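Pasted below: structure-v2.cif, mmCIF, C-alpha atoms and all ligand atoms.
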data_upload
#
loop_
_atom_site.group_PDB
_atom_site.id
_atom_site.type_symbol
_atom_site.label_atom_id
_atom_site.label_comp_id
_atom_site.auth_asym_id
_atom_site.auth_seq_id
_atom_site.Cartn_x
_atom_site.Cartn_y
_atom_site.Cartn_z
ATOM 1 C CA MET A 1 0.000 0.000 0.000
ATOM 2 C CA ALA A 2 1.314 3.462 -0.899
ATOM 3 C CA GLN A 3 2.646 5.626 1.883
ATOM 4 C CA SER A 4 0.717 8.884 1.820
ATOM 5 C CA ILE A 5 1.736 12.472 2.498
ATOM 6 C CA ALA A 6 -0.721 15.388 2.467
ATOM 7 C CA LEU A 7 0.057 19.099 2.626
ATOM 8 C CA ALA A 8 -2.045 21.657 4.487
ATOM 9 C CA GLY A 9 -1.708 25.276 5.562
ATOM 10 C CA LYS A 10 -2.677 28.817 4.688
ATOM 11 C CA GLY A 11 -2.573 29.910 1.032
ATOM 12 C CA GLY A 12 0.853 31.154 -0.041
ATOM 13 C CA THR A 13 2.824 29.289 2.632
ATOM 14 C CA GLY A 14 4.415 26.967 0.045
ATOM 15 C CA LYS A 15 2.266 23.813 0.089
ATOM 16 C CA THR A 16 2.354 23.277 -3.674
ATOM 17 C CA THR A 17 6.072 24.037 -3.870
ATOM 18 C CA ILE A 18 6.804 21.583 -1.035
ATOM 19 C CA ALA A 19 4.575 18.904 -2.606
ATOM 20 C CA ALA A 20 6.518 19.326 -5.870
ATOM 21 C CA LEU A 21 9.860 19.200 -4.007
ATOM 22 C CA LEU A 22 8.825 16.007 -2.185
ATOM 23 C CA ILE A 23 7.852 14.410 -5.513
ATOM 24 C CA SER A 24 11.085 15.607 -7.118
ATOM 25 C CA ARG A 25 13.185 14.161 -4.295
ATOM 26 C CA LEU A 26 11.290 10.843 -4.200
ATOM 27 C CA CYS A 27 11.796 10.533 -7.980
ATOM 28 C CA ALA A 28 15.512 11.314 -7.665
ATOM 29 C CA LEU A 29 15.822 8.606 -4.996
ATOM 30 C CA GLY A 30 14.087 6.128 -7.324
ATOM 31 C CA LYS A 31 11.287 5.679 -4.780
ATOM 32 C CA GLY A 32 8.500 5.798 -7.348
ATOM 33 C CA PRO A 33 6.031 5.159 -8.696
ATOM 34 C CA ILE A 34 4.337 8.113 -7.054
ATOM 35 C CA LEU A 35 0.735 9.235 -7.440
ATOM 36 C CA ALA A 36 0.525 13.020 -7.184
ATOM 37 C CA VAL A 37 -2.934 14.417 -6.452
ATOM 38 C CA ASP A 38 -3.556 18.113 -6.990
ATOM 39 C CA ALA A 39 -6.641 18.839 -4.914
ATOM 40 C CA ASP A 40 -6.471 22.622 -5.181
ATOM 41 C CA ALA A 41 -9.189 24.118 -7.406
ATOM 42 C CA ASP A 42 -6.570 26.621 -8.534
ATOM 43 C CA ALA A 43 -4.462 23.746 -9.804
ATOM 44 C CA ASN A 44 -0.758 24.354 -10.312
ATOM 45 C CA LEU A 45 1.134 21.322 -9.014
ATOM 46 C CA GLY A 46 1.415 19.955 -12.562
ATOM 47 C CA SER A 47 3.042 23.082 -13.937
ATOM 48 C CA LEU A 48 5.709 23.014 -11.182
ATOM 49 C CA LEU A 49 6.496 19.477 -12.366
ATOM 50 C CA GLY A 50 6.690 20.339 -16.049
ATOM 51 C CA ILE A 51 3.273 18.964 -17.001
ATOM 52 C CA THR A 52 1.034 20.935 -19.360
ATOM 53 C CA PRO A 53 -2.466 21.128 -17.918
ATOM 54 C CA GLY A 54 -4.857 18.563 -19.360
ATOM 55 C CA LYS A 55 -8.343 17.497 -18.321
ATOM 56 C CA THR A 56 -9.235 17.648 -14.654
ATOM 57 C CA LEU A 57 -11.604 15.533 -12.582
ATOM 58 C CA GLY A 58 -13.893 18.571 -12.533
ATOM 59 C CA ASP A 59 -14.022 18.533 -16.366
ATOM 60 C CA ILE A 60 -14.850 14.820 -16.436
ATOM 61 C CA ARG A 61 -17.521 15.285 -13.793
ATOM 62 C CA GLU A 62 -19.169 18.091 -15.801
ATOM 63 C CA GLN A 63 -19.015 16.017 -18.970
ATOM 64 C CA ALA A 64 -20.499 12.993 -17.197
ATOM 65 C CA LEU A 65 -23.386 15.064 -15.824
ATOM 66 C CA LYS A 66 -24.140 16.271 -19.375
ATOM 67 C CA ASP A 67 -23.809 12.860 -21.045
ATOM 68 C CA ILE A 68 -25.500 10.743 -18.410
ATOM 69 C CA LYS A 69 -28.874 10.903 -20.186
ATOM 70 C CA LYS A 70 -27.532 9.616 -23.514
ATOM 71 C CA LEU A 71 -25.325 6.729 -22.464
ATOM 72 C CA PRO A 72 -24.655 3.942 -24.980
ATOM 73 C CA ALA A 73 -26.843 0.869 -24.405
ATOM 74 C CA GLY A 74 -25.507 -1.442 -21.718
ATOM 75 C CA MET A 75 -23.212 1.172 -20.202
ATOM 76 C CA THR A 76 -23.790 2.095 -16.579
ATOM 77 C CA LYS A 77 -23.168 5.564 -15.172
ATOM 78 C CA ALA A 78 -20.266 4.183 -13.153
ATOM 79 C CA ASN A 79 -18.671 2.508 -16.229
ATOM 80 C CA TYR A 80 -18.978 5.702 -18.200
ATOM 81 C CA PHE A 81 -17.464 7.868 -15.507
ATOM 82 C CA GLU A 82 -14.611 5.446 -14.824
ATOM 83 C CA LEU A 83 -13.616 5.506 -18.501
ATOM 84 C CA GLY A 84 -13.308 9.283 -18.231
ATOM 85 C CA LEU A 85 -11.303 9.052 -15.024
ATOM 86 C CA HIS A 86 -8.622 6.972 -16.710
ATOM 87 C CA GLU A 87 -8.230 9.760 -19.295
ATOM 88 C CA ILE A 88 -7.108 12.261 -16.714
ATOM 89 C CA ILE A 89 -4.099 10.401 -15.320
ATOM 90 C CA GLU A 90 -1.078 12.280 -16.623
ATOM 91 C CA GLU A 91 1.888 9.951 -16.822
ATOM 92 C CA SER A 92 5.393 11.238 -16.275
ATOM 93 C CA LYS A 93 8.756 9.705 -15.446
ATOM 94 C CA GLY A 94 8.523 8.225 -11.936
ATOM 95 C CA PHE A 95 5.117 9.665 -11.135
ATOM 96 C CA ASP A 96 1.537 10.086 -12.354
ATOM 97 C CA LEU A 97 -0.623 13.124 -11.682
ATOM 98 C CA ILE A 98 -4.334 13.547 -11.108
ATOM 99 C CA THR A 99 -5.703 17.096 -11.066
ATOM 100 C CA MET A 100 -9.009 17.571 -9.275
ATOM 101 C CA GLY A 101 -9.915 20.979 -10.745
ATOM 102 C CA ARG A 102 -13.159 22.753 -9.982
ATOM 103 C CA ALA A 103 -16.569 21.376 -9.184
ATOM 104 C CA GLU A 104 -18.656 23.995 -10.949
ATOM 105 C CA GLY A 105 -22.287 23.976 -11.958
ATOM 106 C CA SER A 106 -25.313 23.074 -9.947
ATOM 107 C CA GLY A 107 -25.442 19.312 -10.504
ATOM 108 C CA CYS A 108 -25.399 16.852 -7.649
ATOM 109 C CA TYR A 109 -21.863 15.651 -7.154
ATOM 110 C CA CYS A 110 -22.341 13.289 -4.234
ATOM 111 C CA TYR A 111 -22.542 10.177 -6.367
ATOM 112 C CA LEU A 112 -19.705 11.200 -8.675
ATOM 113 C CA ASN A 113 -17.579 12.181 -5.680
ATOM 114 C CA SER A 114 -18.022 8.740 -4.211
ATOM 115 C CA LEU A 115 -16.801 7.279 -7.522
ATOM 116 C CA ILE A 116 -13.771 9.575 -7.439
ATOM 117 C CA ARG A 117 -12.988 8.414 -3.937
ATOM 118 C CA LYS A 118 -13.215 4.802 -4.983
ATOM 119 C CA PHE A 119 -11.072 5.525 -8.051
ATOM 120 C CA ILE A 120 -8.258 7.031 -5.971
ATOM 121 C CA ASP A 121 -8.566 4.323 -3.325
ATOM 122 C CA ASP A 122 -8.347 1.639 -6.032
ATOM 123 C CA LEU A 123 -5.388 3.298 -7.727
ATOM 124 C CA SER A 124 -3.219 3.866 -4.687
ATOM 125 C CA PRO A 125 -2.044 0.236 -4.151
ATOM 126 C CA SER A 126 -0.219 0.481 -7.503
ATOM 127 C CA TYR A 127 2.032 3.219 -6.156
ATOM 128 C CA ASN A 128 4.738 3.419 -3.517
ATOM 129 C CA TRP A 129 3.874 6.980 -2.540
ATOM 130 C CA LEU A 130 0.839 9.216 -2.667
ATOM 131 C CA VAL A 131 1.510 12.964 -2.393
ATOM 132 C CA MET A 132 -1.546 15.206 -2.047
ATOM 133 C CA ASP A 133 -1.485 18.973 -2.408
ATOM 134 C CA ASN A 134 -4.519 20.657 -0.872
ATOM 135 C CA GLU A 135 -6.313 23.961 -0.665
ATOM 136 C CA ALA A 136 -6.062 25.884 2.577
ATOM 137 C CA GLY A 137 -9.038 23.995 4.034
ATOM 138 C CA LEU A 138 -8.937 20.323 4.846
ATOM 139 C CA GLU A 139 -12.435 19.443 3.600
ATOM 140 C CA HIS A 140 -10.951 17.842 0.489
ATOM 141 C CA LEU A 141 -9.008 15.300 2.402
ATOM 142 C CA SER A 142 -11.998 13.210 3.345
ATOM 143 C CA ARG A 143 -13.667 13.845 -0.020
ATOM 144 C CA GLN A 144 -10.799 12.515 -2.103
ATOM 145 C CA THR A 145 -9.867 9.319 -0.325
ATOM 146 C CA THR A 146 -11.169 7.065 2.418
ATOM 147 C CA ARG A 147 -7.606 5.986 3.098
ATOM 148 C CA ASP A 148 -5.636 6.932 6.158
ATOM 149 C CA ILE A 149 -3.028 9.627 5.722
ATOM 150 C CA ASP A 150 0.403 8.528 6.961
ATOM 151 C CA ALA A 151 1.883 12.006 7.233
ATOM 152 C CA LEU A 152 0.124 15.338 7.206
ATOM 153 C CA ILE A 153 2.462 18.318 6.890
ATOM 154 C CA VAL A 154 1.147 21.728 7.923
ATOM 155 C CA VAL A 155 3.217 24.559 6.446
ATOM 156 C CA ILE A 156 3.689 27.869 8.223
ATOM 157 C CA THR A 157 5.615 31.037 7.453
ATOM 158 C CA GLU A 158 6.365 34.178 9.447
ATOM 159 C CA ASN A 159 2.859 35.374 8.659
ATOM 160 C CA PRO A 160 0.917 35.131 11.946
ATOM 161 C CA LEU A 161 -2.200 34.229 9.945
ATOM 162 C CA SER A 162 -0.460 31.012 8.951
ATOM 163 C CA PHE A 163 -0.287 30.184 12.686
ATOM 164 C CA GLN A 164 -4.011 30.750 13.021
ATOM 165 C CA SER A 165 -4.583 28.383 10.099
ATOM 166 C CA ALA A 166 -2.271 25.803 11.682
ATOM 167 C CA THR A 167 -4.218 26.070 14.937
ATOM 168 C CA SER A 168 -7.576 25.511 13.263
ATOM 169 C CA ILE A 169 -6.120 22.688 11.169
ATOM 170 C CA SER A 170 -4.834 20.968 14.305
ATOM 171 C CA GLU A 171 -8.344 21.219 15.780
ATOM 172 C CA ILE A 172 -9.864 19.618 12.656
ATOM 173 C CA LEU A 173 -7.169 16.931 12.842
ATOM 174 C CA ALA A 174 -8.094 16.143 16.407
ATOM 175 C CA ASP A 175 -11.665 15.493 15.181
ATOM 176 C CA MET A 176 -10.413 13.227 12.386
ATOM 177 C CA GLY A 177 -8.900 10.951 15.022
ATOM 178 C CA SER A 178 -6.740 8.058 13.899
ATOM 179 C CA ARG A 179 -7.278 8.666 10.168
ATOM 180 C CA ILE A 180 -4.178 10.878 10.225
ATOM 181 C CA LYS A 181 -1.288 8.874 11.595
ATOM 182 C CA LYS A 182 1.432 11.511 11.967
ATOM 183 C CA LYS A 183 0.937 15.258 12.156
ATOM 184 C CA TYR A 184 3.899 17.446 11.364
ATOM 185 C CA VAL A 185 4.647 21.106 10.905
ATOM 186 C CA VAL A 186 7.391 22.709 8.813
ATOM 187 C CA THR A 187 8.402 26.347 8.571
ATOM 188 C CA ASN A 188 9.058 27.807 5.137
ATOM 189 C CA MET A 189 10.638 31.032 3.833
ATOM 190 C CA ILE A 190 11.573 32.415 7.254
ATOM 191 C CA LYS A 191 13.396 35.679 6.511
ATOM 192 C CA HIS A 192 14.621 36.492 10.006
ATOM 193 C CA ASN A 193 16.616 33.616 11.426
ATOM 194 C CA ASN A 194 16.196 34.894 14.984
ATOM 195 C CA ARG A 195 12.434 34.405 14.640
ATOM 196 C CA LYS A 196 12.779 30.668 14.116
ATOM 197 C CA GLU A 197 13.164 29.927 17.828
ATOM 198 C CA GLU A 198 10.185 32.109 18.687
ATOM 199 C CA ILE A 199 8.086 30.415 16.039
ATOM 200 C CA ILE A 200 9.004 26.970 17.398
ATOM 201 C CA GLU A 201 8.145 28.258 20.879
ATOM 202 C CA ARG A 202 4.687 29.415 19.705
ATOM 203 C CA LEU A 203 4.169 26.045 18.029
ATOM 204 C CA SER A 204 4.398 24.261 21.343
ATOM 205 C CA ASP A 205 0.694 25.030 21.911
ATOM 206 C CA ILE A 206 -0.272 23.128 18.763
ATOM 207 C CA ASN A 207 -0.231 19.383 18.737
ATOM 208 C CA LEU A 208 2.057 19.040 15.706
ATOM 209 C CA GLU A 209 5.625 17.747 15.550
ATOM 210 C CA TYR A 210 8.115 20.267 14.166
ATOM 211 C CA ILE A 211 10.338 18.562 11.570
ATOM 212 C CA GLY A 212 12.040 21.140 9.414
ATOM 213 C CA ASN A 213 12.740 24.645 8.231
ATOM 214 C CA ILE A 214 12.839 25.120 4.472
ATOM 215 C CA PRO A 215 14.932 28.161 3.602
ATOM 216 C CA ILE A 216 14.189 30.754 0.944
ATOM 217 C CA ASP A 217 15.882 29.197 -2.053
ATOM 218 C CA GLU A 218 17.104 31.485 -4.864
ATOM 219 C CA GLU A 219 17.647 28.608 -7.282
ATOM 220 C CA LEU A 220 14.107 27.335 -6.688
ATOM 221 C CA ASP A 221 12.782 30.861 -7.159
ATOM 222 C CA GLU A 222 14.651 31.157 -10.482
ATOM 223 C CA ILE A 223 13.324 27.800 -11.751
ATOM 224 C CA ILE A 224 9.762 28.848 -10.926
ATOM 225 C CA PHE A 225 10.262 32.256 -12.553
ATOM 226 C CA ARG A 226 11.562 30.581 -15.750
ATOM 227 C CA GLY A 227 8.596 28.190 -15.743
ATOM 228 C CA ASP A 228 10.914 25.156 -15.566
ATOM 229 C CA SER A 229 10.202 21.931 -13.707
ATOM 230 C CA LEU A 230 11.225 21.529 -10.070
ATOM 231 C CA LEU A 231 12.302 18.009 -11.060
ATOM 232 C CA ASN A 232 15.449 19.791 -12.314
ATOM 233 C CA LEU A 233 16.312 21.110 -8.853
ATOM 234 C CA LYS A 234 18.890 18.548 -7.795
ATOM 235 C CA ASP A 235 20.973 20.121 -5.088
ATOM 236 C CA SER A 236 19.907 23.286 -3.315
ATOM 237 C CA PRO A 237 19.153 24.444 0.251
ATOM 238 C CA ALA A 238 15.434 23.640 -0.090
ATOM 239 C CA ILE A 239 16.004 20.189 -1.608
ATOM 240 C CA ASN A 240 18.536 19.348 1.117
ATOM 241 C CA GLU A 241 16.003 20.196 3.811
ATOM 242 C CA ILE A 242 13.320 18.191 1.972
ATOM 243 C CA SER A 243 15.684 15.188 2.067
ATOM 244 C CA LYS A 244 15.918 15.459 5.865
ATOM 245 C CA ILE A 245 12.149 15.820 6.175
ATOM 246 C CA LEU A 246 11.615 12.732 4.007
ATOM 247 C CA GLU A 247 13.977 10.739 6.204
ATOM 248 C CA ILE A 248 11.894 11.638 9.249
ATOM 249 C CA ILE A 249 8.659 10.751 7.464
ATOM 250 C CA GLY A 250 10.109 7.436 6.445
ATOM 251 C CA GLY A 251 11.244 7.909 2.846
HETATM 252 N N1 LIG B 301 11.453 27.841 0.021
HETATM 253 C C1 LIG B 301 11.081 28.721 -0.924
HETATM 254 N N2 LIG B 301 11.998 29.547 -1.502
HETATM 255 C C2 LIG B 301 11.617 30.455 -2.424
HETATM 256 N N3 LIG B 301 10.348 30.631 -2.848
HETATM 257 C C3 LIG B 301 9.395 29.848 -2.321
HETATM 258 C C4 LIG B 301 9.696 28.850 -1.335
HETATM 259 N N4 LIG B 301 8.534 28.225 -0.988
HETATM 260 C C5 LIG B 301 7.567 28.803 -1.722
HETATM 261 N N5 LIG B 301 8.047 29.768 -2.524
HETATM 262 C C6 LIG B 301 7.271 30.656 -3.416
HETATM 263 O O1 LIG B 301 6.181 31.167 -2.643
HETATM 264 C C7 LIG B 301 4.999 31.298 -3.435
HETATM 265 C C8 LIG B 301 3.836 30.542 -2.798
HETATM 266 O O2 LIG B 301 4.106 29.150 -2.790
HETATM 267 P P1 LIG B 301 2.997 28.045 -3.115
HETATM 268 O O3 LIG B 301 3.703 26.745 -3.073
HETATM 269 O O4 LIG B 301 2.240 28.372 -4.341
HETATM 270 O O5 LIG B 301 2.053 28.218 -1.834
HETATM 271 P P2 LIG B 301 0.625 27.517 -1.527
HETATM 272 O O6 LIG B 301 0.530 26.300 -2.377
HETATM 273 O O7 LIG B 301 0.667 27.213 -0.060
HETATM 274 O O8 LIG B 301 -0.417 28.547 -1.838
HETATM 275 C C9 LIG B 301 5.345 30.755 -4.805
HETATM 276 O O9 LIG B 301 5.631 31.838 -5.652
HETATM 277 C C10 LIG B 301 6.599 29.923 -4.564
HETATM 278 O O10 LIG B 301 7.421 29.923 -5.681
HETATM 279 MG MG MG B 302 -1.002 25.742 -3.706
#

This entry written out as structure tokens:
Amino acid sequence: MAQSIALAGKGGTGKTTIAALLISRLCALGKGPILAVDADADANLGSLLGITPGKTLGDIREQALKDIKKLPAGMTKANYFELGLHEIIEESKGFDLITMGRAEGSGCYCYLNSLIRKFIDDLSPSYNWLVMDNEAGLEHLSRQTTRDIDALIVVITENPLSFQSATSISEILADMGSRIKKKYVVTNMIKHNNRKEEIIERLSDINLEYIGNIPIDEELDEIIFRGDSLLNLKDSPAINEISKILEIIGG
């Protein structure tokens, strides 16, 4: 069964970047195959990994809602939708990507969502790792898989609002009980080194284990600015810290 990592935290803290760095590092270590799930409606994990955006789950869901009345004879709704789901897996070297996209329109998604959940649950045994990038909220987590999460990483920055998010996330996590096995926190892009200690101090109130501090990385910044893939970032301060974090998580 794949080992799963999910990212959470306030918008702009670096969740997507860290998800991409984790995937990049796991690929470099030959730890694939990895299933990357982009569960942010404003999808951009793929572009950080050099993948041109294709169809999303949201697109397939819309299409299925439109076509459901004119299905070919003998085809069930579930069959039809599953065919579409297989279209959206983007295959790359060492990893595959599924992009959730938006759930627009006024149709009822409950049934289709349950098929998505089953789809991801069924897929995950074929992979060694599952890396899930999320929106700021955690609602997605239970919508996209019924599986347990092995490691949830909450990302915070110097922005005090990111602490507030981490606090509310840790409260939600407490309600989710044993579905989340390990709960971690990492700091990212801390500009003032002397603040690190204070941040760790403030974190002591939250029930999350502190496992790393990812520095502002000029090389990473340049790659993103050029629109290149983070898979090309082989040796840099951020990647080195990601390696340490992965060792703690068990990679
Ligand atoms: N360690 C880092 N060094 C330099 N830039 C970073 C770092 N982490 C994130 N960024 C930049 O910060 C911005 C927000 O990151 P992003 O991963 O999109 O956040 P989120 O997914 O949490 O909204 C992006 O422009 C990203 O390139
Ligand atoms: Mg993001």

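Closest approach to ligand MG 302 (chain B) among A:Ile68, A:Ile200, A:Leu48, A:Leu85 is made by A:Leu48 (distances from all atoms listed in the file).
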
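Minimum atom-to-atom distances from A:Asp148, A:Glu209, A:Asp96, A:Asp221 to ligand LIG 301 (chain B) were compared using all atoms listed in the file, and the lowest value belongs to A:Asp221.
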
Using only C-alpha atoms: which of A:Ala6, A:Leu97, A:Leu112, A:Leu203 has the shortest distance to Asn79 (chain A): A:Leu112

Within 7 Å of ligand LIG 301 (chain B), which residues of chain A show up? Give each one with its shortest atom-to-atom distance in Å (one decimal) and the two atoms involved, counting all atoms listed in the file, rows by chain then rising residue number, as a Markdown table.
| residue | atom | partner | partner_atom | distance |
| --- | --- | --- | --- | --- |
| A:Gly9 | CA | B:LIG301 | O7 | 6.4 |
| A:Lys10 | CA | B:LIG301 | O7 | 6.0 |
| A:Gly11 | CA | B:LIG301 | O8 | 3.8 |
| A:Gly12 | CA | B:LIG301 | O8 | 3.4 |
| A:Thr13 | CA | B:LIG301 | O7 | 4.0 |
| A:Gly14 | CA | B:LIG301 | O3 | 3.2 |
| A:Lys15 | CA | B:LIG301 | O7 | 3.8 |
| A:Thr16 | CA | B:LIG301 | O6 | 3.8 |
| A:Thr17 | CA | B:LIG301 | O3 | 3.7 |
| A:Ile18 | CA | B:LIG301 | O3 | 6.4 |
| A:Asn188 | CA | B:LIG301 | N1 | 5.6 |
| A:Met189 | CA | B:LIG301 | N1 | 5.0 |
| A:Ile214 | CA | B:LIG301 | N1 | 5.4 |
| A:Pro215 | CA | B:LIG301 | N1 | 5.0 |
| A:Ile216 | CA | B:LIG301 | N2 | 3.5 |
| A:Asp217 | CA | B:LIG301 | N2 | 3.9 |
| A:Glu218 | CA | B:LIG301 | C2 | 6.1 |
| A:Leu220 | CA | B:LIG301 | C2 | 5.8 |
| A:Asp221 | CA | B:LIG301 | C2 | 4.9 |
| A:Ile224 | CA | B:LIG301 | O10 | 5.8 |
| A:Ala238 | CA | B:LIG301 | N1 | 5.8 |

Between A:Glu222, A:Glu241, A:Glu158, A:Asp133, which is the closest to ligand MG 302 (chain B) once you count only C-alpha atoms and all ligand atoms? A:Asp133

Hey, can you check how far CA of Ala19 (chain A) sits from CA of Ser124 (chain A)? 17.1 Å

Long-range neighbours of Asn232 (chain A) as a ChimeraX atom specification, 12 Å cut-off, all atoms listed in the file, 4 positions minimum in chain: /A:20-21,23-25,27-28,48-50,219-220,222-224,226-228,236,239

So what do you get for CA of Leu35 (chain A) versus CA of Gly177 (chain A), distance-wise? 24.5 Å

Got a minute to add N, CA and C atoms to region 28-45 of chain A and dump it as a short mmCIF file (atom, residue, chain, number, x, y, z; two decimals), in the coordinates of the input?
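part-v8.cif, freshly written:
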data_model
loop_
_atom_site.label_atom_id
_atom_site.label_comp_id
_atom_site.auth_asym_id
_atom_site.auth_seq_id
_atom_site.Cartn_x
_atom_site.Cartn_y
_atom_site.Cartn_z
N ALA A 28 14.05 11.37 -7.58
CA ALA A 28 15.51 11.31 -7.66
C ALA A 28 16.06 10.12 -6.89
N LEU A 29 15.38 9.75 -5.81
CA LEU A 29 15.82 8.61 -5.00
C LEU A 29 15.35 7.28 -5.60
N GLY A 30 14.62 7.34 -6.70
CA GLY A 30 14.09 6.13 -7.32
C GLY A 30 13.03 5.44 -6.47
N LYS A 31 12.28 6.26 -5.69
CA LYS A 31 11.29 5.68 -4.78
C LYS A 31 9.89 5.59 -5.39
N GLY A 32 9.80 5.86 -6.70
CA GLY A 32 8.50 5.80 -7.35
C GLY A 32 8.02 4.37 -7.47
N PRO A 33 6.88 4.12 -8.12
CA PRO A 33 6.03 5.16 -8.70
C PRO A 33 5.26 5.95 -7.64
N ILE A 34 5.03 7.21 -7.97
CA ILE A 34 4.34 8.11 -7.05
C ILE A 34 3.04 8.56 -7.71
N LEU A 35 1.97 8.63 -6.94
CA LEU A 35 0.74 9.24 -7.44
C LEU A 35 0.63 10.62 -6.81
N ALA A 36 0.67 11.65 -7.66
CA ALA A 36 0.52 13.02 -7.18
C ALA A 36 -0.92 13.44 -7.38
N VAL A 37 -1.54 13.96 -6.34
CA VAL A 37 -2.93 14.42 -6.45
C VAL A 37 -2.99 15.92 -6.18
N ASP A 38 -3.41 16.67 -7.17
CA ASP A 38 -3.56 18.11 -6.99
C ASP A 38 -5.01 18.39 -6.64
N ALA A 39 -5.26 18.65 -5.37
CA ALA A 39 -6.64 18.84 -4.91
C ALA A 39 -6.96 20.31 -4.68
N ASP A 40 -6.18 21.20 -5.28
CA ASP A 40 -6.47 22.62 -5.18
C ASP A 40 -7.24 23.03 -6.44
N ALA A 41 -8.39 23.70 -6.25
CA ALA A 41 -9.19 24.12 -7.41
C ALA A 41 -8.35 24.99 -8.34
N ASP A 42 -7.46 25.78 -7.75
CA ASP A 42 -6.57 26.62 -8.53
C ASP A 42 -5.30 25.81 -8.83
N ALA A 43 -5.49 24.78 -9.65
CA ALA A 43 -4.46 23.75 -9.80
C ALA A 43 -3.16 24.27 -10.38
N ASN A 44 -2.04 24.01 -9.71
CA ASN A 44 -0.76 24.35 -10.31
C ASN A 44 0.39 23.42 -9.95
N LEU A 45 0.07 22.28 -9.33
CA LEU A 45 1.13 21.32 -9.01
C LEU A 45 1.77 20.80 -10.30
#
